[in-house]
Each structure stands twice: as C-alpha cells, then as structure tokens.
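Printed here is my_file.cif (mmCIF, C-alpha atoms):
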```cif
data_work
#
loop_
_atom_site.group_PDB
_atom_site.id
_atom_site.type_symbol
_atom_site.label_atom_id
_atom_site.label_comp_id
_atom_site.auth_asym_id
_atom_site.auth_seq_id
_atom_site.Cartn_x
_atom_site.Cartn_y
_atom_site.Cartn_z
ATOM 1 C CA MET E 1 -33.442 -41.277 11.804
ATOM 2 C CA MET E 2 -32.300 -37.638 11.481
ATOM 3 C CA SER E 3 -34.663 -35.151 9.966
ATOM 4 C CA VAL E 4 -33.329 -32.728 7.389
ATOM 5 C CA CYS E 5 -33.568 -29.042 8.074
ATOM 6 C CA THR E 6 -33.884 -26.720 5.081
ATOM 7 C CA ILE E 7 -33.303 -23.035 5.698
ATOM 8 C CA SER E 8 -33.956 -20.089 3.437
ATOM 9 C CA VAL E 9 -33.098 -16.544 4.427
ATOM 10 C CA SER E 10 -34.921 -13.383 3.405
ATOM 11 C CA ASP E 11 -32.106 -10.844 3.267
ATOM 12 C CA ASP E 12 -32.884 -7.422 1.836
ATOM 13 C CA MET E 13 -29.792 -5.371 2.721
ATOM 14 C CA THR E 14 -31.556 -2.095 1.915
ATOM 15 C CA SER E 15 -34.416 -2.758 4.323
ATOM 16 C CA THR E 16 -34.523 -2.047 8.049
ATOM 17 C CA ALA E 17 -37.148 -4.771 8.545
ATOM 18 C CA PRO E 18 -36.101 -7.894 10.440
ATOM 19 C CA ARG E 19 -34.466 -10.617 8.407
ATOM 20 C CA VAL E 20 -36.507 -13.821 8.791
ATOM 21 C CA ILE E 21 -35.306 -17.392 8.631
ATOM 22 C CA HIS E 22 -37.901 -19.838 7.221
ATOM 23 C CA ALA E 23 -37.202 -23.418 8.239
ATOM 24 C CA THR E 24 -38.728 -26.817 7.555
ATOM 25 C CA GLY E 25 -38.248 -30.106 9.338
ATOM 26 C CA ARG E 26 -37.666 -29.886 13.078
ATOM 27 C CA CYS E 27 -36.115 -26.366 12.945
ATOM 28 C CA VAL E 28 -37.926 -23.448 14.477
ATOM 29 C CA ALA E 29 -38.672 -20.283 12.481
ATOM 30 C CA ALA E 30 -36.901 -17.318 14.041
ATOM 31 C CA ALA E 31 -36.563 -13.612 13.505
ATOM 32 C CA MET E 32 -33.095 -12.160 13.456
ATOM 33 C CA ALA E 33 -32.016 -8.725 14.704
ATOM 34 C CA PRO E 34 -32.891 -5.764 12.465
ATOM 35 C CA VAL E 35 -30.335 -4.754 9.882
ATOM 36 C CA ALA E 36 -27.986 -2.087 11.235
ATOM 37 C CA PRO E 37 -28.554 1.422 9.823
ATOM 38 C CA ASP E 38 -25.126 1.354 8.169
ATOM 39 C CA ALA E 39 -25.719 -2.000 6.464
ATOM 40 C CA ALA E 40 -26.310 -0.339 3.102
ATOM 41 C CA SER E 41 -22.975 1.474 3.322
ATOM 42 C CA SER E 42 -21.308 -1.776 4.429
ATOM 43 C CA ALA E 43 -22.778 -3.495 1.393
ATOM 44 C CA THR E 44 -21.397 -0.692 -0.796
ATOM 45 C CA THR E 45 -17.939 -1.117 0.740
ATOM 46 C CA ALA E 46 -18.119 -4.882 0.227
ATOM 47 C CA ASP E 47 -19.151 -4.397 -3.405
ATOM 48 C CA LEU E 48 -16.279 -1.969 -3.924
ATOM 49 C CA SER E 49 -13.802 -4.409 -2.347
ATOM 50 C CA ALA E 50 -14.984 -7.148 -4.674
ATOM 51 C CA ARG E 51 -14.323 -4.955 -7.710
ATOM 52 C CA ILE E 52 -11.135 -3.150 -6.623
ATOM 53 C CA ALA E 53 -8.587 -5.311 -4.814
ATOM 54 C CA PRO E 54 -5.744 -3.581 -2.943
ATOM 55 C CA SER E 55 -2.490 -3.352 -4.893
ATOM 56 C CA VAL E 56 1.057 -3.673 -3.549
ATOM 57 C CA ARG E 57 3.691 -0.981 -4.043
ATOM 58 C CA VAL E 58 7.294 -1.590 -3.010
ATOM 59 C CA THR E 59 9.841 1.150 -2.382
ATOM 60 C CA GLY E 60 13.585 1.070 -1.923
ATOM 61 C CA VAL E 61 15.517 2.892 0.798
ATOM 62 C CA LEU E 62 19.086 3.430 -0.394
ATOM 63 C CA ILE E 63 21.361 5.197 2.108
ATOM 64 C CA GLU E 64 24.916 6.276 1.377
ATOM 65 C CA HIS E 65 27.047 8.869 3.194
ATOM 66 C CA ASN E 66 24.144 10.008 5.402
ATOM 67 C CA ALA E 67 21.957 10.708 2.379
ATOM 68 C CA LEU E 68 18.791 9.015 1.086
ATOM 69 C CA LEU E 69 17.943 8.360 -2.569
ATOM 70 C CA LEU E 70 14.736 10.161 -3.630
ATOM 71 C CA GLU E 71 12.944 10.851 -6.895
ATOM 72 C CA HIS E 72 10.856 13.838 -7.904
ATOM 73 C CA MET E 73 7.469 13.085 -9.461
ATOM 74 C CA VAL E 74 4.844 15.259 -11.122
ATOM 75 C CA LEU E 75 1.346 13.759 -10.996
ATOM 76 C CA ARG E 76 -1.879 15.609 -11.832
ATOM 77 C CA GLU E 77 -0.210 18.985 -11.462
ATOM 78 C CA ARG E 78 1.128 18.030 -8.029
ATOM 79 C CA SER E 79 4.849 17.548 -7.647
ATOM 80 C CA HIS E 80 6.515 15.804 -4.747
ATOM 81 C CA TRP E 81 9.594 13.881 -3.704
ATOM 82 C CA THR E 82 9.219 10.210 -2.877
ATOM 83 C CA LEU E 83 11.121 6.965 -2.421
ATOM 84 C CA PRO E 84 11.770 5.157 -5.709
ATOM 85 C CA GLY E 85 9.685 2.087 -6.402
ATOM 86 C CA GLY E 86 6.517 0.880 -8.033
ATOM 87 C CA HIS E 87 3.652 -1.578 -8.202
ATOM 88 C CA LEU E 88 3.997 -5.320 -8.104
ATOM 89 C CA GLN E 89 3.039 -7.033 -11.364
ATOM 90 C CA TYR E 90 1.269 -10.375 -11.615
ATOM 91 C CA GLY E 91 3.720 -13.285 -11.351
ATOM 92 C CA GLU E 92 6.534 -11.055 -10.092
ATOM 93 C CA THR E 93 8.158 -11.479 -6.687
ATOM 94 C CA ILE E 94 8.660 -8.474 -4.420
ATOM 95 C CA ASP E 95 12.419 -8.779 -4.889
ATOM 96 C CA GLN E 96 12.086 -8.850 -8.690
ATOM 97 C CA CYS E 97 9.704 -5.898 -8.654
ATOM 98 C CA LEU E 98 11.964 -3.712 -6.540
ATOM 99 C CA ARG E 99 15.069 -4.517 -8.581
ATOM 100 C CA ARG E 100 13.175 -3.811 -11.827
ATOM 101 C CA GLU E 101 11.729 -0.527 -10.590
ATOM 102 C CA MET E 102 15.093 0.697 -9.306
ATOM 103 C CA ARG E 103 16.761 -0.104 -12.623
ATOM 104 C CA GLU E 104 13.986 1.596 -14.629
ATOM 105 C CA GLU E 105 13.757 4.709 -12.487
ATOM 106 C CA THR E 106 17.330 5.306 -11.362
ATOM 107 C CA GLY E 107 19.579 3.117 -13.516
ATOM 108 C CA LEU E 108 20.872 1.356 -10.385
ATOM 109 C CA ASP E 109 21.282 -2.376 -9.874
ATOM 110 C CA VAL E 110 20.378 -3.148 -6.276
ATOM 111 C CA ALA E 111 20.054 -6.012 -3.825
ATOM 112 C CA VAL E 112 17.168 -6.134 -1.361
ATOM 113 C CA ASP E 113 17.957 -6.297 2.358
ATOM 114 C CA ASP E 114 15.610 -5.871 5.349
ATOM 115 C CA MET E 115 11.930 -5.042 5.163
ATOM 116 C CA LEU E 116 11.415 -1.730 6.950
ATOM 117 C CA TYR E 117 7.758 -0.683 7.209
ATOM 118 C CA VAL E 118 4.313 -1.514 5.847
ATOM 119 C CA CYS E 119 1.645 1.195 5.445
ATOM 120 C CA ASP E 120 -1.852 1.552 4.008
ATOM 121 C CA ARG E 121 -2.379 4.241 1.390
ATOM 122 C CA PHE E 122 -5.870 5.325 0.328
ATOM 123 C CA HIS E 123 -6.853 7.585 -2.577
ATOM 124 C CA GLY E 124 -10.482 8.350 -1.723
ATOM 125 C CA LEU E 125 -12.670 5.343 -2.509
ATOM 126 C CA GLY E 126 -10.815 4.713 -5.748
ATOM 127 C CA SER E 127 -7.847 2.674 -4.585
ATOM 128 C CA HIS E 128 -6.093 1.059 -1.660
ATOM 129 C CA VAL E 129 -2.342 0.517 -1.875
ATOM 130 C CA VAL E 130 -0.315 -1.572 0.565
ATOM 131 C CA ASP E 131 3.068 0.171 0.611
ATOM 132 C CA MET E 132 6.124 -1.864 1.664
ATOM 133 C CA SER E 133 9.565 -0.294 2.076
ATOM 134 C CA PHE E 134 12.847 -2.214 2.005
ATOM 135 C CA LEU E 135 16.420 -1.324 2.788
ATOM 136 C CA ILE E 136 18.529 -1.851 -0.346
ATOM 137 C CA HIS E 137 22.140 -1.447 -1.447
ATOM 138 C CA ARG E 138 23.657 -0.944 -4.870
ATOM 139 C CA VAL E 139 25.601 -3.744 -6.557
ATOM 140 C CA ASN E 140 28.045 -4.037 -9.459
ATOM 141 C CA ASP E 141 29.273 -0.463 -8.937
ATOM 142 C CA SER E 142 26.184 0.729 -10.809
ATOM 143 C CA ARG E 143 25.623 4.465 -10.954
ATOM 144 C CA ILE E 144 22.629 6.723 -11.222
ATOM 145 C CA ALA E 145 22.115 7.052 -14.962
ATOM 146 C CA CYS E 146 22.409 10.502 -16.481
ATOM 147 C CA PRO E 147 20.376 11.201 -18.487
ATOM 148 C CA LEU E 148 17.840 9.057 -16.661
ATOM 149 C CA PRO E 149 16.411 6.019 -18.465
ATOM 150 C CA LEU E 150 12.937 7.329 -17.733
ATOM 151 C CA THR E 151 10.287 4.762 -18.559
ATOM 152 C CA ASP E 152 7.881 6.872 -16.497
ATOM 153 C CA ASP E 153 7.687 10.457 -17.734
ATOM 154 C CA HIS E 154 6.267 11.550 -14.371
ATOM 155 C CA ILE E 155 9.754 11.251 -12.829
ATOM 156 C CA THR E 156 11.731 14.428 -13.411
ATOM 157 C CA GLU E 157 14.760 14.047 -11.150
ATOM 158 C CA VAL E 158 16.634 11.611 -8.919
ATOM 159 C CA ALA E 159 18.874 12.838 -6.096
ATOM 160 C CA MET E 160 20.724 11.798 -2.943
ATOM 161 C CA VAL E 161 19.272 13.990 -0.188
ATOM 162 C CA PRO E 162 21.084 14.523 3.163
ATOM 163 C CA PHE E 163 19.186 13.296 6.228
ATOM 164 C CA GLU E 164 18.898 16.807 7.679
ATOM 165 C CA ARG E 165 17.040 18.028 4.579
ATOM 166 C CA LEU E 166 14.347 15.313 4.384
ATOM 167 C CA THR E 167 11.642 17.531 5.899
ATOM 168 C CA ASP E 168 12.507 20.218 3.305
ATOM 169 C CA TYR E 169 11.606 17.609 0.679
ATOM 170 C CA GLY E 170 8.161 16.965 2.179
ATOM 171 C CA PHE E 171 8.889 14.025 4.491
ATOM 172 C CA SER E 172 7.517 13.931 8.030
ATOM 173 C CA ALA E 173 9.718 14.728 11.026
ATOM 174 C CA HIS E 174 8.793 11.243 12.283
ATOM 175 C CA PHE E 175 10.176 9.517 9.178
ATOM 176 C CA ALA E 176 13.286 11.741 9.174
ATOM 177 C CA SER E 177 13.999 10.691 12.772
ATOM 178 C CA LEU E 178 13.560 7.000 11.857
ATOM 179 C CA VAL E 179 16.123 7.427 9.076
ATOM 180 C CA ARG E 180 18.603 9.188 11.387
ATOM 181 C CA ASP E 181 18.141 6.541 14.101
ATOM 182 C CA GLY E 182 18.761 3.594 11.766
ATOM 183 C CA PHE E 183 15.104 2.499 11.371
ATOM 184 C CA PRO E 184 14.110 1.307 14.849
ATOM 185 C CA ASN E 185 11.247 -1.201 14.956
ATOM 186 C CA ARG E 186 11.942 -2.206 11.368
ATOM 187 C CA GLY E 187 9.574 -4.835 10.057
ATOM 188 C CA SER E 188 6.578 -3.199 11.747
ATOM 189 C CA TYR E 189 3.273 -1.721 10.612
ATOM 190 C CA GLY E 190 3.452 2.056 10.147
ATOM 191 C CA GLY E 191 -0.258 2.852 9.800
ATOM 192 C CA GLU E 192 -1.577 5.356 7.275
ATOM 193 C CA PHE E 193 1.000 6.214 4.604
ATOM 194 C CA HIS E 194 0.807 10.024 4.645
ATOM 195 C CA ALA E 195 0.785 10.211 8.448
ATOM 196 C CA PHE E 196 3.920 8.044 8.477
ATOM 197 C CA TYR E 197 5.936 9.486 5.566
ATOM 198 C CA GLY E 198 4.449 12.951 5.132
#
```
Spell out the structure here as structure tokens.
Amino acid sequence: MMSVCTISVSDDMTSTAPRVIHATGRCVAAAMAPVAPDAASSATTADLSARIAPSVRVTGVLIEHNALLLEHMVLRERSHWTLPGGHLQYGETIDQCLRREMREETGLDVAVDDMLYVCDRFHGLGSHVVDMSFLIHRVNDSRIACPLPLTDDHITEVAMVPFERLTDYGFSAHFASLVRDGFPNRGSYGGEFHAFYG
C-alpha cells in the first residue's frame, strides 16, 4: 500500500533565509537553496507582468516609386515620423486591425502581404508592446485622403518619403538599408524596436 506524502512549503520571497519543505508520510524534510538576492525584484517583475500584459501593435509598410508611406505624430510634446498602424483590439485579427488602422489614419484601403519584422518595444516599466510590421499594397485605387480623416488628433501629416531621405525622418541607417535592399530576412525577429527602427 502506498503512503501519501503531504508537502507544505514555507516561501517568504522577501527573506534570504532558506525555504523549508515540511513533509509527512515517508518523505524526508529538506532545506532548499537560499532565495537569490534578486528574488524580490523578480517577484516585482512577475507581479507587474500579471497586471500589465504586453499589447500588439501592427504597422504597414507601403512602398511605391521608391518611397515609403510615413505619418507624423505629436505625442507628449515629442514629434516624430513613424510607420502607420495601431494596436490590436480584442476579437480583431491582425489583418483586420491593419486594414482598419490604415483606413483611419491615411484613408487608404490596403491588402496585407508578407510579415516583415517583429520587435519588442518598452516604455519604462509601464508597457511592453510587441510591434509587427507587414508589407502592404493599396487596393481599389484608393488615395491618401486630403484633408485626412483623422480619428487620432496626434497624427498631423501623412507623406510618401523617398528611400534616401528615411534617415532625415529619424529612421536608423540599418532600417533604411533594409528598405533599399527589399527587406532581406523578412519574417525574422528584429530585437529592440528603437535599435531596429531608430
């Protein structure tokens, strides 16, 4: 007949004292290794992750006549040029999200083609965004709306920017070379967002 082993664990994550397992039945009481000095910070990170899940942002890369579609945004007194796109909403597919965002921000109807790159974007400890870029093309002869149908008042301008001027608009030399070279290694992980895009 098997004996039942009941285990209870004393686990004070803020203590550096050994964590002790108390056992009954035929188990043997044992001391575990001391809690690592950074356990408290690990617990904080775990708590933060439980409260703030990463969000997904999708962006569209529209290229025509050796120029790339960009939008100008003003956020918290900082202005910058970026790829058009936005955050995925609950119940929405990535394709639906990208087509909706492009229509809202540029007035264009688009179709989604290849996935290009995936990056992680961190804003301090406040948020973690998984950024996914996709090659897109316009459909139905749609045109950039003028005036813009701005649903987001942070967007002030939309423009087709020639490849050779991408670094003038704040993009990294690395990303500009990827654009010029036709996006080699598409479908790969790009690492940290700002290091990748600028």
Neighbour residues at most 8 Å from (22.3, -5.3, -3.0) (only C-alpha atoms) as a list in words: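 Selection result: Asp109, Val110, Ala111, Val112, Asp113, Ile136, His137, Arg138 and Val139 of chain E.
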Running the PyMOL selection byres ((chain E and resi 77-86) around 9) on this model by hand, what would come out? Give it as JSON, numbers by chain. {"E": [56, 57, 58, 59, 60, 61, 62, 68, 69, 70, 71, 72, 73, 74, 75, 76, 87, 88, 97, 98, 99, 100, 101, 102, 105, 106, 133, 158, 169, 170, 171]}
Residues matched by the PyMOL selection byres ((chain E and resi 142) around 6) as a PyMOL selection string: chain E and resi 108-109+140-141+143
Nearest to Leu166 (chain E): which of E:Tyr189, E:Phe183, E:Tyr197, E:Tyr117 is it, counting all atoms listed in the file?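 For Leu166 (chain E), the nearest of the candidates is E:Tyr197.
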Rounded to one decimal, what separation in Å do you get between CA of Gln89 (chain E) and CA of Thr156 (chain E)?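 About the pair CA of Gln89 (chain E) and CA of Thr156 (chain E): they are 23.2 Å apart.
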Do you have the CA of Phe122 (chain E)-CA of Phe175 (chain E) distance handy?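 Computing it gives 18.8 Å between the two atoms.
Using all atoms listed in the file, the set of residues no farther than 8 Å from the position (-4.0, 1.6, -1.4) comprises E:Pro54, E:Ser55, E:Val56, E:Asp120, E:Arg121, E:Phe122, E:His123, E:Ser127, E:His128, E:Val129, E:Val130, E:Asp131.
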Each side padded by 3 Å, which centre and which edge lengths in Å (one decimal) define the axis-aligned box around the listed atoms of region 51-62 of chain E? Give them as lines of an AutoDock Vina configuration file.
```
center_x = 2.4
center_y = -0.9
center_z = -3.5
size_x = 39.4
size_y = 14.7
size_z = 14.5
```
